[in-house]
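The file target.txt contains compact mmCIF, C-alpha atoms:
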# COMPACT_ATOMS: atom_id res chain seq x y z
CA MET A 5 -17.90 57.26 -2.10
CA ASP A 6 -16.77 55.33 0.95
CA GLY A 7 -19.34 52.63 0.17
CA GLU A 8 -18.06 52.37 -3.43
CA ASP A 9 -14.44 52.02 -2.21
CA SER A 10 -15.34 49.34 0.30
CA LYS A 11 -17.05 47.18 -2.36
CA PRO A 12 -13.93 46.47 -4.48
CA GLN A 13 -11.93 45.74 -1.31
CA GLY A 14 -14.57 43.20 -0.21
CA GLN A 15 -14.51 41.62 -3.69
CA LYS A 16 -10.71 41.37 -3.56
CA LYS A 17 -10.86 39.63 -0.19
CA GLN A 18 -13.49 37.23 -1.49
CA ASN A 19 -11.40 36.44 -4.59
CA ASN A 20 -8.40 35.75 -2.36
CA VAL A 21 -10.26 33.08 -0.35
CA LEU A 22 -9.12 29.58 -1.34
CA PRO A 23 -11.97 27.03 -1.32
CA LEU A 24 -11.11 23.53 -0.11
CA TRP A 25 -12.41 20.31 -1.68
CA GLY A 26 -13.16 17.06 0.14
CA ASN A 27 -12.59 16.42 3.83
CA GLU A 28 -11.77 19.66 5.64
CA LYS A 29 -10.14 17.87 8.59
CA THR A 30 -8.00 15.16 6.96
CA MET A 31 -6.95 17.09 3.82
CA ASN A 32 -7.95 13.90 1.91
CA LEU A 33 -4.73 12.22 3.14
CA ASN A 34 -4.45 8.49 3.70
CA SER A 35 -5.54 7.71 7.27
CA MET A 36 -2.26 6.00 8.21
CA VAL A 37 -0.16 8.87 6.85
CA LEU A 38 -2.33 11.38 8.73
CA THR A 39 -2.14 9.37 12.00
CA ASN A 40 1.66 9.27 11.74
CA ILE A 41 1.80 13.01 11.02
CA LEU A 42 -0.34 13.90 14.05
CA SER A 43 1.71 11.64 16.36
CA SER A 44 5.07 12.74 14.92
CA PRO A 45 7.36 14.54 17.43
CA TYR A 46 8.51 16.83 14.59
CA PHE A 47 4.94 17.96 13.88
CA LYS A 48 3.89 18.22 17.55
CA ASN A 49 7.02 19.94 18.87
CA GLU A 50 8.82 21.76 16.06
CA LEU A 51 6.04 22.73 13.66
CA PHE A 52 3.68 23.71 16.48
CA LYS A 53 5.92 26.75 17.10
CA LEU A 54 5.54 28.00 13.50
CA LYS A 55 2.58 30.36 13.22
CA THR A 56 3.02 32.19 9.91
CA TYR A 57 3.15 31.28 6.23
CA HIS A 58 6.69 32.67 5.77
CA GLU A 59 8.06 30.66 8.71
CA VAL A 60 6.67 27.45 7.18
CA VAL A 61 8.15 28.31 3.75
CA ASP A 62 11.57 28.81 5.36
CA GLU A 63 11.21 25.46 7.15
CA ILE A 64 10.44 23.76 3.81
CA TYR A 65 13.58 25.33 2.32
CA TYR A 66 15.81 23.95 5.08
CA LYS A 67 14.19 20.59 5.93
CA VAL A 68 12.61 19.03 2.80
CA GLU A 69 14.92 16.82 0.72
CA HIS A 70 12.39 14.47 -0.95
CA LEU A 71 8.63 14.15 -1.51
CA GLU A 72 7.91 10.60 -0.36
CA PRO A 73 5.45 10.12 2.54
CA TRP A 74 7.92 7.96 4.53
CA GLU A 75 11.57 8.41 5.40
CA LYS A 76 13.94 6.03 3.64
CA GLY A 77 14.24 2.59 5.27
CA SER A 78 11.65 3.31 7.98
CA ARG A 79 8.80 1.34 6.43
CA LYS A 80 8.96 -2.44 5.98
CA THR A 81 6.59 -3.65 3.21
CA ALA A 82 8.46 -6.81 2.21
CA GLY A 83 6.27 -9.91 2.43
CA GLN A 84 3.04 -7.95 2.69
CA VAL A 85 0.43 -8.59 0.02
CA GLY A 86 -3.05 -7.38 -0.89
CA MET A 87 -4.40 -4.52 1.19
CA CYS A 88 -1.35 -4.69 3.47
CA GLY A 89 1.04 -3.98 0.60
CA GLY A 90 2.87 -0.73 0.04
CA VAL A 91 0.99 0.27 -3.11
CA ARG A 92 -2.24 1.14 -1.41
CA GLY A 93 -0.77 3.25 1.34
CA VAL A 94 -2.04 1.04 4.14
CA GLY A 95 -0.41 -1.62 6.26
CA ALA A 96 2.69 -1.09 8.36
CA GLY A 97 3.57 2.57 8.87
CA GLY A 98 6.99 4.13 9.32
CA ILE A 99 8.58 7.48 10.14
CA VAL A 100 6.54 10.06 8.27
CA SER A 101 8.59 12.47 6.16
CA SER A 102 9.14 16.16 6.90
CA ALA A 103 7.60 16.95 3.47
CA PHE A 104 4.20 15.50 4.41
CA CYS A 105 4.33 17.04 7.91
CA LEU A 106 4.91 20.46 6.35
CA LEU A 107 2.23 19.84 3.72
CA TYR A 108 -0.32 19.24 6.48
CA LYS A 109 1.02 22.28 8.38
CA LEU A 110 0.28 24.40 5.29
CA PHE A 111 -3.24 22.97 5.31
CA THR A 112 -3.74 24.04 8.94
CA LEU A 113 -2.73 27.62 8.05
CA LYS A 114 -5.77 27.92 5.69
CA LEU A 115 -3.78 29.34 2.78
CA THR A 116 -5.12 32.10 0.57
CA ARG A 117 -5.06 32.04 -3.23
CA LYS A 118 -2.18 34.55 -3.22
CA GLN A 119 -0.10 32.43 -0.82
CA LEU A 120 -0.64 29.27 -2.89
CA ASN A 121 0.43 31.15 -6.04
CA GLY A 122 3.52 32.25 -4.10
CA LEU A 123 4.35 28.61 -3.33
CA ILE A 124 4.11 27.30 -6.90
CA THR A 125 6.13 30.21 -8.34
CA HIS A 126 8.79 30.29 -5.60
CA VAL A 127 12.35 30.73 -6.91
CA ASP A 128 14.39 29.52 -3.90
CA SER A 129 13.70 25.77 -3.94
CA PRO A 130 11.88 23.33 -6.26
CA TYR A 131 10.60 21.51 -3.15
CA ILE A 132 8.64 24.61 -2.09
CA ARG A 133 6.99 24.60 -5.52
CA ALA A 134 6.39 20.83 -5.38
CA LEU A 135 4.59 21.06 -2.02
CA GLY A 136 2.42 23.81 -3.52
CA PHE A 137 1.43 21.51 -6.41
CA MET A 138 0.80 18.63 -3.97
CA PHE A 139 -1.43 20.94 -1.92
CA ILE A 140 -3.40 21.72 -5.11
CA ARG A 141 -3.71 18.03 -5.96
CA TYR A 142 -4.98 17.09 -2.49
CA CYS A 143 -7.21 20.07 -1.68
CA GLN A 144 -8.48 21.76 -4.83
CA PRO A 145 -11.61 20.71 -6.77
CA PRO A 146 -10.77 18.32 -9.66
CA ALA A 147 -12.44 20.67 -12.16
CA LYS A 148 -9.96 23.42 -11.18
CA LEU A 149 -6.78 21.29 -11.45
CA TRP A 150 -6.21 22.18 -15.11
CA ASP A 151 -6.48 25.93 -14.43
CA TRP A 152 -3.89 25.64 -11.66
CA MET A 153 -1.41 23.33 -13.39
CA GLU A 154 -1.69 24.08 -17.11
CA PRO A 155 0.93 26.92 -17.12
CA TYR A 156 3.52 24.56 -15.55
CA LEU A 157 3.08 21.42 -17.70
CA GLU A 158 6.37 22.03 -19.52
CA ASP A 159 8.32 23.63 -16.65
CA GLU A 160 11.98 22.58 -17.02
CA GLU A 161 13.17 23.06 -13.42
CA GLU A 162 14.56 19.76 -12.11
CA ILE A 163 13.60 18.00 -8.87
CA ASP A 164 14.34 14.61 -7.32
CA PRO A 165 11.28 13.42 -5.31
CA LYS A 166 12.71 10.05 -4.28
CA ALA A 167 14.08 9.47 -0.76
CA GLY A 168 17.80 8.90 -1.19
CA GLY A 169 17.77 10.31 -4.75
CA GLY A 170 17.93 8.57 -8.12
CA CYS A 171 14.68 9.70 -9.79
CA THR A 172 15.32 13.14 -11.26
CA MET A 173 12.44 14.68 -13.21
CA THR A 174 11.28 18.13 -14.22
CA ILE A 175 8.51 20.06 -12.49
CA GLY A 176 6.47 19.67 -15.69
CA GLN A 177 6.78 15.87 -15.61
CA MET A 178 5.81 15.82 -11.94
CA VAL A 179 2.74 17.99 -12.59
CA ARG A 180 1.66 15.73 -15.47
CA SER A 181 2.10 12.73 -13.16
CA PHE A 182 -0.20 14.40 -10.59
CA LEU A 183 -2.88 14.80 -13.26
CA LEU A 184 -2.59 11.30 -14.73
CA LYS A 185 -1.71 8.98 -11.83
CA LEU A 186 -3.30 8.17 -8.48
CA GLU A 187 -0.24 6.50 -6.91
CA TRP A 188 2.58 8.50 -5.36
CA TYR A 189 5.35 6.54 -3.61
CA GLY A 190 3.17 4.19 -1.58
CA THR A 191 0.24 6.52 -0.99
CA LEU A 192 -2.72 7.73 -3.07
CA PHE A 193 -3.99 11.08 -4.27
CA PRO A 194 -7.77 11.71 -4.15
CA ARG A 195 -9.58 10.07 -7.05
CA ILE A 196 -10.51 12.38 -9.94
CA PRO A 197 -14.04 11.83 -11.36
CA VAL A 198 -14.00 9.92 -14.66
CA PRO A 199 -15.41 12.75 -16.88
CA VAL A 200 -12.85 15.22 -15.49
CA GLN A 201 -10.04 12.66 -15.92
CA LYS A 202 -11.00 12.06 -19.56
CA ASP A 203 -11.11 15.80 -20.20
CA LEU A 204 -7.62 16.20 -18.68
CA GLU A 205 -6.24 13.41 -20.87
CA VAL A 206 -7.77 14.97 -24.00
CA LYS A 207 -6.25 18.36 -23.17
CA LEU A 208 -2.83 16.81 -22.50
CA ARG A 209 -3.05 14.81 -25.74
CA GLN A 210 -3.80 17.98 -27.67
CA LYS A 211 -0.62 19.47 -26.25
CA GLY A 212 1.32 16.25 -26.98
CA LEU A 213 2.02 15.70 -23.28
CA CYS A 214 0.10 12.49 -22.54
CA ASP A 215 3.02 10.17 -23.37
CA ASP A 216 3.93 9.21 -19.80
CA HIS A 217 0.37 8.23 -18.78
CA LYS A 218 1.43 4.65 -18.08
CA ARG A 219 4.65 5.53 -16.27
CA THR A 220 4.72 5.53 -12.49
CA ALA A 221 6.48 8.14 -10.36
CA GLN A 222 9.15 5.64 -9.29
CA GLU A 223 10.40 4.99 -12.84
CA GLY A 224 13.05 7.09 -14.56
CA TRP A 225 11.26 9.88 -16.41
CA GLY A 226 14.02 10.76 -18.87
CA GLU A 227 14.27 7.11 -19.91
CA ALA A 228 10.48 6.95 -20.19
CA GLU A 229 10.35 9.83 -22.66
CA ASP A 230 13.22 8.36 -24.73
CA PHE A 231 11.35 5.06 -24.85
CA VAL A 232 8.14 6.79 -25.97
CA ARG A 233 9.99 8.71 -28.68
CA ARG A 234 11.62 5.52 -29.99
CA THR A 235 8.42 3.45 -29.98
CA ARG A 236 6.30 6.22 -31.51
CA GLY A 237 8.80 6.65 -34.32
CA ASP A 238 7.81 10.24 -35.29
CA SER A 239 6.65 9.19 -38.78
CA SER A 240 5.19 12.60 -39.72
CA PRO A 241 6.55 14.24 -42.93
CA SER A 242 7.79 17.26 -40.98
CA ALA A 243 9.78 15.01 -38.66
CA ARG A 244 11.21 13.13 -41.64
CA SER A 245 12.16 16.42 -43.33
CA ARG A 246 13.88 17.55 -40.14
CA GLU A 247 16.02 14.39 -40.02
CA PRO A 248 19.23 14.65 -42.10
CA ALA A 249 20.14 11.96 -44.63
CA ASP A 250 22.40 9.10 -43.54
CA ASP A 251 25.34 10.52 -45.47
CA ASP A 252 24.93 13.95 -43.88
CA ARG A 253 24.68 12.60 -40.34
CA PRO A 254 27.85 12.73 -38.23
CA SER A 255 29.54 9.47 -37.34
CA GLY A 256 28.72 9.99 -33.63
CA SER A 257 24.98 9.80 -34.29
CA ARG A 258 25.48 6.56 -36.27
CA ARG A 259 27.46 5.12 -33.38
CA SER A 260 24.77 6.11 -30.87
CA ARG A 261 22.13 4.48 -33.11
CA SER A 262 24.16 1.26 -33.30
CA ARG A 263 24.61 1.33 -29.53
CA SER A 264 20.86 1.76 -29.01
CA ARG A 265 20.26 -1.19 -31.39
CA ASP A 266 22.73 -3.30 -29.40
CA ARG A 267 20.96 -2.32 -26.18
CA ASP A 268 17.57 -3.25 -27.65
CA ARG A 269 18.96 -6.60 -28.86
CA GLU A 270 20.44 -7.27 -25.42
CA ARG A 271 17.12 -6.42 -23.77
CA ARG A 272 15.28 -8.83 -26.10
CA ARG A 273 17.76 -11.59 -25.28
CA SER A 274 17.45 -10.99 -21.54
CA ARG A 275 13.65 -11.04 -21.82
CA SER A 276 13.74 -14.36 -23.71
CA ARG A 277 16.12 -15.76 -21.05
CA ASP A 278 13.74 -14.61 -18.31
CA ARG A 279 10.82 -16.23 -20.12
CA ASP A 280 12.72 -19.54 -20.48
CA SER A 281 13.71 -19.54 -16.82
CA SER A 282 10.14 -18.74 -15.72
CA ARG A 283 8.80 -21.58 -17.91
CA ARG A 284 11.38 -23.97 -16.43
CA ARG A 285 10.42 -22.92 -12.90
CA SER A 286 6.71 -23.39 -13.63
CA ARG A 287 7.38 -26.88 -15.07
CA GLU A 288 9.39 -27.85 -11.99
CA ARG A 289 6.64 -26.48 -9.75
CA ARG A 290 3.97 -28.50 -11.58
CA SER A 291 5.99 -31.74 -11.39
CA HIS A 292 6.68 -31.11 -7.70
CA GLU A 293 2.96 -30.56 -7.04
CA ARG A 294 2.14 -33.73 -8.99
CA ARG A 295 4.60 -35.74 -6.86
CA ARG A 296 3.16 -34.28 -3.67
CA GLY A 297 -0.36 -35.14 -4.83
CA ASP A 298 0.67 -38.76 -5.53
CA SER A 299 2.30 -39.11 -2.11
CA ARG A 300 -0.83 -37.69 -0.44
CA ASP A 301 -3.00 -40.25 -2.30
CA ARG A 302 -0.72 -43.10 -1.15
CA ASP A 303 -0.90 -41.93 2.47
CA ARG A 304 -4.69 -41.70 2.23
CA ASN A 305 -4.93 -45.26 0.86
CA LYS A 306 -2.69 -46.58 3.64
CA LYS A 307 -4.87 -44.92 6.25
CA ARG A 308 -7.98 -46.42 4.70
CA SER A 309 -6.42 -49.93 4.61
CA ARG A 310 -5.45 -49.65 8.29
CA SER A 311 -8.77 -48.29 9.46
CA PRO A 312 -10.75 -51.67 9.79
CA ASP A 313 -8.08 -53.18 12.11
CA ARG A 314 -8.06 -50.01 14.12
CA ARG A 315 -11.85 -50.13 14.38
CA GLY A 316 -11.69 -53.73 15.66
CA ARG A 317 -9.09 -52.79 18.24
CA ASP A 318 -11.21 -49.86 19.37
CA ASP A 319 -14.25 -52.16 19.76
CA ASP A 320 -12.20 -54.61 21.84
CA LYS A 321 -11.04 -51.79 24.08
CA LYS A 322 -14.61 -50.61 24.56
CA ARG A 323 -15.82 -54.12 25.41
CA ARG A 324 -13.02 -54.61 27.94
CA SER A 325 -13.73 -51.31 29.57
CA ARG A 326 -17.46 -52.15 29.80
CA SER A 327 -16.76 -55.53 31.43
CA ARG A 328 -14.39 -53.86 33.90
CA ASP A 329 -17.09 -51.33 34.76
CA ARG A 330 -19.63 -54.10 35.35
CA LYS A 331 -17.28 -56.03 37.67
CA ARG A 332 -16.49 -52.85 39.56
CA GLU A 333 -20.18 -52.09 39.96
CA ARG A 334 -20.94 -55.62 41.21
CA ARG A 335 -18.12 -55.36 43.71
CA ARG A 336 -19.39 -52.04 45.01
CA SER A 337 -22.97 -53.31 45.31
CA ALA A 338 -21.72 -56.43 47.21
CA ASP A 339 -19.72 -54.21 49.56
CA ARG A 340 -22.76 -52.04 50.14
CA GLU A 341 -24.93 -55.08 50.89
CA THR A 342 -22.45 -56.53 53.41
CA SER A 343 -22.08 -53.18 55.17
CA ARG A 344 -25.88 -52.86 55.35
CA ARG A 345 -26.21 -56.35 56.89
CA ARG A 346 -23.45 -55.61 59.38
CA ASN A 347 -25.15 -52.38 60.41
CA SER A 348 -28.52 -54.13 60.81
CA ARG A 349 -26.91 -56.83 62.99
CA GLU A 350 -25.27 -54.26 65.19
CA ASP A 351 -28.57 -52.38 65.53
CA ARG A 352 -30.34 -55.58 66.54
CA LYS A 353 -27.71 -56.39 69.18
CA SER A 354 -27.86 -52.91 70.64
CA ARG A 355 -31.68 -53.10 70.88
CA GLU A 356 -31.51 -56.49 72.64
CA LYS A 357 -29.01 -55.10 75.16
CA GLU A 358 -31.27 -52.17 75.92
CA ARG A 359 -34.24 -54.47 76.45
CA SER A 360 -32.25 -56.73 78.83
CA ARG A 361 -31.19 -53.69 80.85
CA SER A 362 -34.68 -52.40 81.12
CA ARG A 363 -35.86 -55.73 82.57
Give the structure from the file, written as structure tokens.
Amino acid sequence: MDGEDSKPQGQKKQNNVLPLWGNEKTMNLNSMVLTNILSSPYFKNELFKLKTYHEVVDEIYYKVEHLEPWEKGSRKTAGQVGMCGGVRGVGAGGIVSSAFCLLYKLFTLKLTRKQLNGLITHVDSPYIRALGFMFIRYCQPPAKLWDWMEPYLEDEEEIDPKAGGGCTMTIGQMVRSFLLKLEWYGTLFPRIPVPVQKDLEVKLRQKGLCDDHKRTAQEGWGEAEDFVRRTRGDSSPSARSREPADDDRPSGSRRSRSRSRDRDRERRRSRSRDRDSSRRRSRERRSHERRRGDSRDRDRNKKRSRSPDRRGRDDDKKRRSRSRDRKRERRRSADRETSRRRNSREDRKSREKERSRSR
């Protein structure tokens, strides 16, 4: 009997183990984000003291105010292009946010399945739930993402992930963004294999939730859904039957429709103005480049016309220097010859003196 009781307990423990996907040391984080987390005084000093899951959850409740990887204004990406730009999550770092420090702290605790479920269903703060979903996106196998996130695709709890505020969305919209987009405020989630990604898109389309596939996390989500609804037009018979006739509609709805038309017209005008100004700028740029090219050609021709005279002058200088060298060499050789003769005369005299003495 004891053996039979111990078996279910062992199975429960095994089911509670949370498998990790990808790199088990870096949590699949961007290398610059991870380097800044590990060198952060907040992570090294404050979070080092926290040893339990509940302590970390309390810290998230009190310290997390946004979900960006960098604190607002701490990272300068202006003027950087290519692989040093902000989109790819590389280049100049900044002060890493408390959200990402706590996310990595959760990773170091080796969460169980029960603890992760506790995070994503927490009632105290939407940021606790959001870090749970981010943990799933970074650490769980892509094939399991749908099982984890499917119950929360239409969750209506609101959250503002942007540093400084101004980008309110629902938990459901954020979860759909995690499934459909790689970018997240200047860093990247791990890439989902193409077959799994296609399967996720098909499942979302079946639920009618794949509308914001092309929207990035930084754009306004409420506006995005309104835009999708307007452009799609809901031309199904059921939708048409649901809409009241023009006479039955209240005057407020007519006014709102006229306002939306005015806004659309204004947007079209501003776009056409932008196009005209960009064309004008490109024309001015081309004419400026043409003028620069003509001036370069003129300078090149002038240099070519001057070059023969310069060559002649250079030849004259070389000849003069050669003649000077020859004269100098002759002078030196003459000096050497005279000194040799003088020395030979002196030697002869000294020999004659010695001979006269010896006699």
Residue neighbourhood stretch 44-52 of chain A, 10 Å, only C-alpha atoms, exclusion window fewer than 4 positions, as an mmCIF file with C-alpha atoms, keeping the file's coordinate frame:
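Result file is selection19.cif:
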data_model
loop_
_atom_site.group_PDB
_atom_site.id
_atom_site.type_symbol
_atom_site.label_atom_id
_atom_site.label_comp_id
_atom_site.auth_asym_id
_atom_site.auth_seq_id
_atom_site.Cartn_x
_atom_site.Cartn_y
_atom_site.Cartn_z
ATOM 1 C CA LEU A 38 -2.330 11.380 8.730
ATOM 2 C CA THR A 39 -2.140 9.370 12.000
ATOM 3 C CA ASN A 40 1.660 9.270 11.740
ATOM 4 C CA GLU A 59 8.060 30.660 8.710
ATOM 5 C CA VAL A 60 6.670 27.450 7.180
ATOM 6 C CA GLU A 63 11.210 25.460 7.150
ATOM 7 C CA ILE A 99 8.580 7.480 10.140
ATOM 8 C CA VAL A 100 6.540 10.060 8.270
ATOM 9 C CA SER A 101 8.590 12.470 6.160
ATOM 10 C CA SER A 102 9.140 16.160 6.900
ATOM 11 C CA PHE A 104 4.200 15.500 4.410
ATOM 12 C CA CYS A 105 4.330 17.040 7.910
ATOM 13 C CA LEU A 106 4.910 20.460 6.350
ATOM 14 C CA TYR A 108 -0.320 19.240 6.480
ATOM 15 C CA LYS A 109 1.020 22.280 8.380
#
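Counting all atoms listed in the file, the residue from A:Val37, A:Leu110, A:Leu157, A:Ile140 that sits nearest to A:His58 is A:Leu110.
Restricting the calculation to only C-alpha atoms, the smallest distance between A:Gly190 and any of A:Lys118, A:Arg336, A:Arg79, A:Arg295 is found for A:Arg79.
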Quick one, how far is atom CA of A:Pro23 from atom CA of A:Lys185?
-> 23.3 Å
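Using only C-alpha atoms for every distance, the candidate list A:Arg346, A:Arg289, A:Arg180, A:Lys202 yields A:Arg180 as the residue closest to A:Cys214.
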Go ahead and compute the interatomic distance for atom CA of A:Gly136 and atom CA of A:Leu204, in Å to one decimal.
-> 19.7 Å
